[in-house]
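The structure file input-v5.txt is reproduced below (compact mmCIF, C-alpha atoms and all ligand atoms).
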# COMPACT_ATOMS: atom_id res chain seq x y z
CA MET P 172 18.52 -11.54 21.25
CA ILE P 173 15.12 -10.76 19.75
CA VAL P 174 13.06 -13.51 18.08
CA ASP P 175 10.20 -12.48 15.78
CA PHE P 176 8.29 -15.42 14.33
CA HIS P 177 5.41 -13.67 12.54
CA THR P 178 6.05 -11.10 9.78
CA HIS P 179 4.76 -10.16 6.33
CA THR P 180 6.34 -8.86 3.13
CA THR P 181 5.18 -7.68 -0.30
CA ALA P 182 4.70 -11.37 -1.17
CA SER P 183 1.37 -10.94 0.66
CA ASP P 184 -0.03 -7.82 2.36
CA GLY P 185 3.18 -6.41 3.85
CA ARG P 186 4.79 -3.23 2.54
CA LEU P 187 8.50 -4.12 2.74
CA THR P 188 10.14 -6.43 0.24
CA PRO P 189 11.77 -9.54 1.72
CA THR P 190 15.19 -7.88 1.41
CA GLN P 191 13.98 -4.67 3.04
CA LEU P 192 12.46 -6.69 5.87
CA LEU P 193 15.75 -8.53 6.47
CA ARG P 194 17.59 -5.21 6.52
CA ALA P 195 15.10 -3.75 9.01
CA ALA P 196 15.43 -6.87 11.18
CA ASP P 197 19.21 -6.64 11.07
CA GLU P 198 19.09 -2.97 12.08
CA ARG P 199 16.86 -3.85 15.03
CA GLN P 200 19.19 -6.65 16.10
CA ILE P 201 16.62 -9.33 15.59
CA GLY P 202 18.57 -12.57 15.89
CA ALA P 203 15.94 -14.91 14.43
CA LEU P 204 13.17 -13.97 12.02
CA ALA P 205 10.41 -16.03 10.45
CA ILE P 206 8.76 -14.62 7.32
CA THR P 207 5.16 -15.79 7.41
CA ASP P 208 3.32 -14.36 4.42
CA HIS P 209 -0.30 -15.28 3.87
CA ASP P 210 -0.52 -18.60 2.00
CA THR P 211 2.84 -18.36 0.27
CA LEU P 212 6.49 -19.16 0.90
CA SER P 213 7.68 -16.88 -1.88
CA GLY P 214 8.58 -14.09 0.58
CA TYR P 215 10.69 -16.55 2.53
CA ARG P 216 12.28 -17.98 -0.63
CA GLU P 217 13.32 -14.56 -1.88
CA ALA P 218 14.73 -13.64 1.53
CA ALA P 219 16.59 -16.95 1.76
CA SER P 220 18.46 -16.11 -1.44
CA VAL P 221 19.95 -12.95 0.10
CA SER P 222 19.96 -13.75 3.83
CA ASN P 223 23.72 -14.36 3.95
CA ARG P 224 24.12 -10.58 3.60
CA PHE P 225 22.48 -10.06 6.98
CA ARG P 226 23.16 -11.19 10.54
CA VAL P 227 19.62 -12.52 10.95
CA ARG P 228 18.88 -16.23 11.23
CA LEU P 229 16.00 -16.74 8.82
CA ILE P 230 13.32 -19.36 9.56
CA SER P 231 10.99 -20.57 6.81
CA GLY P 232 7.33 -19.84 7.34
CA LEU P 233 3.88 -18.99 6.06
CA GLU P 234 0.50 -18.12 7.54
CA LEU P 235 -2.13 -20.44 6.14
CA SER P 236 -5.77 -19.37 6.00
CA SER P 237 -8.15 -22.06 7.21
CA ARG P 238 -11.70 -22.66 8.30
CA TRP P 239 -12.77 -23.81 11.75
CA GLN P 240 -16.50 -24.18 12.27
CA LYS P 241 -17.86 -20.98 10.70
CA ILE P 242 -14.85 -18.75 11.23
CA GLY P 243 -11.55 -18.07 9.49
CA VAL P 244 -8.52 -19.16 11.53
CA HIS P 245 -4.86 -18.57 10.72
CA ILE P 246 -2.27 -21.29 11.19
CA VAL P 247 1.39 -20.33 11.00
CA GLY P 248 3.74 -23.02 9.71
CA LEU P 249 7.31 -22.59 10.91
CA ASN P 250 10.45 -24.38 9.82
CA VAL P 251 8.69 -26.11 6.96
CA ARG P 252 10.61 -27.63 4.05
CA ALA P 253 9.88 -25.00 1.44
CA ASP P 254 10.60 -27.38 -1.45
CA SER P 255 8.42 -30.22 -0.14
CA VAL P 256 5.56 -31.65 -2.15
CA ALA P 257 3.23 -30.84 0.76
CA MET P 258 4.11 -27.14 0.69
CA ARG P 259 4.04 -26.88 -3.11
CA GLN P 260 0.56 -28.39 -3.11
CA ALA P 261 -0.61 -26.24 -0.21
CA GLU P 262 0.56 -23.08 -1.95
CA ARG P 263 -1.10 -24.05 -5.20
CA ARG P 264 -4.37 -24.82 -3.49
CA GLN P 265 -4.36 -21.61 -1.45
CA LEU P 266 -3.47 -19.51 -4.48
CA THR P 267 -6.48 -20.91 -6.33
CA ALA P 268 -8.69 -20.23 -3.32
CA ARG P 269 -7.39 -16.67 -2.99
CA ARG P 270 -8.01 -15.91 -6.66
CA GLU P 271 -11.52 -17.28 -6.55
CA ARG P 272 -12.19 -15.44 -3.31
CA ALA P 273 -10.90 -12.16 -4.76
CA GLU P 274 -13.32 -12.54 -7.68
CA ARG P 275 -16.21 -13.12 -5.30
CA ILE P 276 -15.27 -10.20 -3.07
CA ALA P 277 -14.94 -7.92 -6.10
CA HIS P 278 -18.34 -9.06 -7.30
CA ARG P 279 -19.92 -8.33 -3.94
CA LEU P 280 -18.36 -4.88 -3.67
CA GLU P 281 -18.87 -3.94 -7.30
CA ASN P 282 -21.83 -1.67 -6.50
CA ILE P 283 -19.97 0.51 -4.04
CA ALA P 284 -16.55 0.78 -5.73
CA LYS P 285 -15.48 2.49 -8.93
CA PRO P 286 -15.34 0.23 -12.03
CA GLY P 287 -12.51 -2.25 -12.47
CA LEU P 288 -12.12 -3.07 -8.78
CA LEU P 289 -10.51 -6.50 -9.26
CA GLY P 290 -7.97 -5.19 -11.73
CA ARG P 291 -6.97 -2.33 -9.45
CA VAL P 292 -6.68 -4.68 -6.48
CA ALA P 293 -4.41 -6.96 -8.52
CA LEU P 294 -2.20 -3.96 -9.32
CA LEU P 295 -1.96 -3.10 -5.62
CA ALA P 296 -0.99 -6.70 -4.80
CA ASP P 297 1.68 -6.42 -7.52
CA GLY P 298 2.06 -10.14 -8.10
CA GLY P 299 1.77 -11.06 -4.41
CA GLN P 300 -1.18 -12.82 -2.80
CA ILE P 301 -4.32 -10.69 -3.06
CA GLY P 302 -5.85 -10.04 0.36
CA ARG P 303 -8.56 -7.99 1.95
CA PRO P 304 -6.07 -5.20 2.83
CA HIS P 305 -5.67 -4.61 -0.92
CA PHE P 306 -9.43 -4.28 -1.25
CA ALA P 307 -9.38 -1.89 1.70
CA ARG P 308 -6.82 0.30 -0.05
CA ALA P 309 -8.85 0.32 -3.26
CA LEU P 310 -11.98 1.39 -1.35
CA VAL P 311 -9.99 4.20 0.27
CA ASP P 312 -8.65 5.25 -3.17
CA ASP P 313 -12.21 5.29 -4.50
CA GLY P 314 -13.30 7.56 -1.67
CA VAL P 315 -15.80 4.97 -0.42
CA VAL P 316 -14.26 4.99 3.07
CA LYS P 317 -11.80 7.23 4.91
CA ASN P 318 -9.27 4.59 5.87
CA THR P 319 -8.46 0.87 6.09
CA GLN P 320 -10.05 0.52 9.53
CA ALA P 321 -13.33 1.84 8.18
CA ALA P 322 -13.12 -0.46 5.16
CA PHE P 323 -12.85 -3.49 7.46
CA ALA P 324 -15.52 -2.21 9.81
CA LYS P 325 -18.05 -1.70 7.01
CA TYR P 326 -17.19 -4.07 4.17
CA LEU P 327 -14.39 -6.54 4.84
CA GLY P 328 -14.32 -7.56 8.50
CA ALA P 329 -15.92 -10.63 10.07
CA GLY P 330 -19.50 -11.06 8.94
CA LYS P 331 -19.39 -8.28 6.32
CA ALA P 332 -19.97 -8.67 2.57
CA GLY P 333 -16.29 -9.05 1.75
CA ASP P 334 -15.60 -11.68 4.40
CA ILE P 335 -15.69 -14.95 2.44
CA ARG P 336 -14.31 -17.98 4.27
CA GLY P 337 -15.90 -20.93 2.53
CA LEU P 338 -13.01 -21.51 0.15
CA TRP P 339 -10.34 -22.27 2.71
CA ALA P 340 -9.35 -25.79 3.68
CA ASP P 341 -10.40 -26.83 7.14
CA MET P 342 -8.02 -26.29 10.02
CA ALA P 343 -7.13 -29.97 10.51
CA THR P 344 -6.12 -30.30 6.85
CA VAL P 345 -3.88 -27.26 7.04
CA ILE P 346 -2.18 -28.66 10.15
CA GLU P 347 -1.54 -31.88 8.21
CA TRP P 348 0.11 -29.97 5.36
CA ILE P 349 2.50 -28.30 7.81
CA SER P 350 3.31 -31.57 9.56
CA ALA P 351 3.92 -33.30 6.23
CA ALA P 352 6.43 -30.56 5.41
CA GLY P 353 8.27 -31.22 8.68
CA GLY P 354 7.13 -27.93 10.20
CA VAL P 355 5.67 -26.69 13.45
CA ALA P 356 1.96 -25.74 13.27
CA VAL P 357 1.22 -22.64 15.34
CA LEU P 358 -2.26 -21.30 16.11
CA ALA P 359 -1.90 -17.63 15.18
CA HIS P 360 -3.10 -14.75 17.40
CA PRO P 361 -5.81 -16.72 19.32
CA ALA P 362 -7.12 -13.58 21.01
CA LYS P 363 -7.91 -11.86 17.70
CA TYR P 364 -10.84 -14.14 16.81
CA ARG P 365 -12.92 -12.51 19.53
CA LEU P 366 -14.28 -15.82 20.80
CA THR P 367 -15.91 -16.45 24.13
CA ARG P 368 -13.81 -18.37 26.61
CA ALA P 369 -15.73 -21.56 25.89
CA ARG P 370 -15.33 -21.24 22.11
CA LEU P 371 -11.64 -20.41 22.42
CA THR P 372 -11.21 -23.52 24.56
CA ALA P 373 -12.99 -25.58 21.88
CA LEU P 374 -10.76 -24.09 19.16
CA ILE P 375 -7.54 -24.87 21.03
CA GLU P 376 -8.81 -28.36 21.88
CA ASP P 377 -9.53 -29.07 18.20
CA PHE P 378 -6.22 -27.56 17.17
CA LYS P 379 -4.36 -29.79 19.62
CA SER P 380 -6.19 -32.97 18.68
CA ALA P 381 -5.61 -32.28 14.97
CA GLY P 382 -1.87 -32.41 15.68
CA GLY P 383 -1.13 -28.70 16.24
CA HIS P 384 2.12 -28.06 18.10
CA ALA P 385 2.17 -24.48 19.33
CA MET P 386 0.22 -21.27 19.82
CA GLU P 387 1.12 -17.62 19.74
CA VAL P 388 1.11 -16.46 23.33
CA ILE P 389 2.47 -13.08 22.25
CA SER P 390 1.15 -11.35 19.12
CA GLY P 391 2.30 -7.76 18.85
CA ALA P 392 1.66 -5.21 21.56
CA GLN P 393 -0.95 -6.95 23.68
CA ASP P 394 -2.12 -6.33 27.22
CA VAL P 395 -1.00 -8.22 30.30
CA ALA P 396 -4.39 -9.85 30.87
CA THR P 397 -4.39 -11.37 27.37
CA THR P 398 -0.86 -12.68 27.84
CA ARG P 399 -1.83 -14.26 31.14
CA GLN P 400 -4.90 -15.93 29.65
CA LEU P 401 -3.05 -17.28 26.62
CA ALA P 402 -0.12 -18.51 28.73
CA ARG P 403 -2.62 -20.47 30.78
CA PHE P 404 -4.14 -22.11 27.69
CA CYS P 405 -0.68 -22.87 26.38
CA GLU P 406 0.28 -24.72 29.56
CA ASP P 407 -3.05 -26.47 29.99
CA PHE P 408 -2.94 -27.87 26.47
CA ASN P 409 0.76 -28.66 26.62
CA LEU P 410 1.58 -26.57 23.56
CA LEU P 411 4.80 -24.77 22.73
CA ALA P 412 4.65 -20.98 22.94
CA SER P 413 5.43 -18.71 20.00
CA GLN P 414 5.90 -14.96 19.72
CA GLY P 415 5.75 -12.52 16.85
CA SER P 416 4.86 -8.98 15.89
CA ASP P 417 2.58 -9.72 12.89
CA PHE P 418 4.49 -6.86 11.31
CA HIS P 419 3.05 -5.56 8.02
CA GLN P 420 4.50 -2.09 7.57
CA PRO P 421 6.63 0.49 9.35
CA GLY P 422 4.80 2.95 11.56
CA GLN P 423 2.14 0.62 13.00
CA ARG P 424 2.90 0.89 16.69
CA TRP P 425 0.83 -2.08 17.84
CA CYS P 426 2.69 -4.48 15.58
CA ASP P 427 6.15 -3.06 15.08
CA LEU P 428 8.93 -5.38 13.98
CA GLY P 429 10.49 -7.20 16.94
CA ARG P 430 8.63 -5.07 19.48
CA PHE P 431 6.37 -6.96 21.89
CA PRO P 432 6.29 -8.04 25.52
CA PRO P 433 8.41 -11.04 26.56
CA LEU P 434 7.03 -14.57 26.66
CA PRO P 435 6.27 -15.68 30.22
CA ALA P 436 9.46 -17.43 31.32
CA HIS P 437 7.88 -20.66 32.51
CA LEU P 438 6.58 -21.62 29.04
CA SER P 439 8.44 -23.90 26.61
CA SER P 440 9.04 -21.85 23.49
CA VAL P 441 9.04 -22.82 19.84
CA HIS P 442 12.34 -21.07 19.27
CA GLU P 443 14.13 -23.05 22.01
CA TYR P 444 12.58 -26.21 20.58
CA MET P 445 14.17 -25.26 17.24
CA GLY P 446 17.52 -24.66 18.88
CA VAL P 447 17.41 -20.86 18.66
CA ARG P 448 19.15 -19.51 21.79
CA THR P 449 18.32 -16.04 23.02
P1 LIG P 501 -7.00 -11.90 4.20
O1 LIG P 501 -5.68 -12.59 4.33
O2 LIG P 501 -7.24 -11.47 2.81
O3 LIG P 501 -8.12 -12.67 4.80
O4 LIG P 501 -6.88 -10.55 5.03
C1 LIG P 501 -6.55 -10.61 6.40
C2 LIG P 501 -5.57 -9.51 6.72
O5 LIG P 501 -6.26 -8.29 6.77
C3 LIG P 501 -4.91 -9.65 8.07
O6 LIG P 501 -3.77 -10.44 8.00
C4 LIG P 501 -4.55 -8.22 8.38
O7 LIG P 501 -3.35 -7.89 7.74
C5 LIG P 501 -5.66 -7.43 7.73
N1 LIG P 501 -6.74 -7.02 8.65
C6 LIG P 501 -7.64 -7.80 9.26
N2 LIG P 501 -8.50 -7.06 9.99
C7 LIG P 501 -8.13 -5.78 9.84
C8 LIG P 501 -8.61 -4.54 10.35
N3 LIG P 501 -9.67 -4.47 11.15
N4 LIG P 501 -7.96 -3.41 9.98
C9 LIG P 501 -6.89 -3.48 9.18
N5 LIG P 501 -6.40 -4.61 8.67
C10 LIG P 501 -7.00 -5.75 9.00
MN MN P 502 -2.13 -9.61 6.88
MN MN P 503 -3.37 -13.50 10.78
MN MN P 504 -0.14 -12.29 9.99
Could you show the structure in this file as structure tokens?
Amino acid sequence: MIVDFHTHTTASDGRLTPTQLLRAADERQIGALAITDHDTLSGYREAASVSNRFRVRLISGLELSSRWQKIGVHIVGLNVRADSVAMRQAERRQLTARRERAERIAHRLENIAKPGLLGRVALLADGGQIGRPHFARALVDDGVVKNTQAAFAKYLGAGKAGDIRGLWADMATVIEWISAAGGVAVLAHPAKYRLTRARLTALIEDFKSAGGHAMEVISGAQDVATTRQLARFCEDFNLLASQGSDFHQPGQRWCDLGRFPPLPAHLSSVHEYMGVRT
């Protein structure tokens, strides 16, 4: 049975609706799926209302944006109580931060884009959480850049004008929200922050001492060396191991739904901890 614990829908920057994602998961014989939209549980909530039509076991989730030292770090919350006060408050706070951030990004990119950038980005997000991928699409539409990759490389990626992190809550606070909602806090895609070994060690140390429970040892199609390194950190810090595609849309080979290498067998996994048997 396949377990995919990191996926996105149209509630954030994914392209499939929650129902379409469940259908795709069912077709791929994914036995357990967590929907982990950026800073919102609304993708999960919508899926939960129709999940009895599919053979997939649906796990509640979200991917919270946070700040650690000077960088943006993502913390996935799994198996949270979606109706808890802690989650309602977290979602409200993150929504406010995302709106404010979108305004600031739009302001910073106003000179390079066609007029009405923020409005067009909001249309692309279509009621879901506005994210940098929506800005990337608008810049492509405006002919400013050729594609999304180029938009991140020039304007939106780490250290560029559209990379604004100051509004997010700090990592320890976000871990507390997840714990208060009865969930498992998972450090998302640790290899994607491009940290030196020493800085990555410091991040995982801080994550652990703030009460974090697990880390993604597998995030999409990654190489063997990365898996080996992350498995080592996972063991050394006595964390549970999680796995997920970080699926956003069909056709992206490096993060296709349910398709990634297996977790090293000696690790204790989050899904076993939750009673999901493969
Ligand atoms: P945000 O949540 O607004 O901070 O945007 C982060 C999202 O942008 C990630 O979850 C990815 O979906 C996407 N993203 C980040 N870096 C890149 C990149 N280099 N190329 C394409 N998409 C990216
Ligand atoms: Mn995303
Ligand atoms: Mn992420
Ligand atoms: Mn993600």
**Request:** List all protein, DNA and RNA residues that have any atom at most 9 Å from ligand MN 504 (chain P), counting only C-alpha atoms and all ligand atoms, and write the list as JSON, numbers by chain.
**Result:** {"P": [177, 178, 179, 184, 207, 208, 209, 233, 234, 245, 247, 359, 360, 416, 417, 418, 419]}
**Request:** Measuring atom to atom with all atoms listed in the file, identify which of P:Leu411, P:Ala307, P:Leu288, P:Leu366 is nearest to ligand MN 502 (chain P).
**Result:** P:Ala307
**Prompt:** Pick the closest to Arg430 of chain P from P:Arg336, P:Lys379, P:Arg365, P:Arg199: which is it, counting only C-alpha atoms?
**Reply:** P:Arg199
**Request:** Do a neighbour search on segment 213-222 of chain P at 9 Å with only C-alpha atoms, toss out local chain neighbours closer than 2 positions, and write the hits as a PyMOL selection string.
**Result:** chain P and resi 179-183+188-190+192-193+205-208+211+224-233+253+299
**Request:** Name all residues at most 9 Å from Asp210 of chain P (count only C-alpha atoms; drop same-chain ones fewer than 4 positions away) and give them as JSON, numbers by chain.
**Result:** {"P": [183, 233, 234, 235, 236, 261, 262, 265, 266, 269, 300]}
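Coordinates place atom CA of Arg270 of chain P at a distance of 13.6 Å from atom CA of Asp297 of chain P.
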**Message:** Nearest residue to Gly391 of chain P out of P:Gln423, P:Cys405, P:Ala369, P:Gln240, using only C-alpha atoms?
**Reply:** P:Gln423
**Request:** Residues within 8 Å of ligand LIG 501 (chain P) should be enumerated using only C-alpha atoms and all ligand atoms and returned as a PyMOL selection string.
**Result:** chain P and resi 184-185+209+236+243+269+301-305+319-324+327-328+334+419
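Going from atom CA of Ile389 of chain P to atom CA of Ile246 of chain P covers 14.6 Å.
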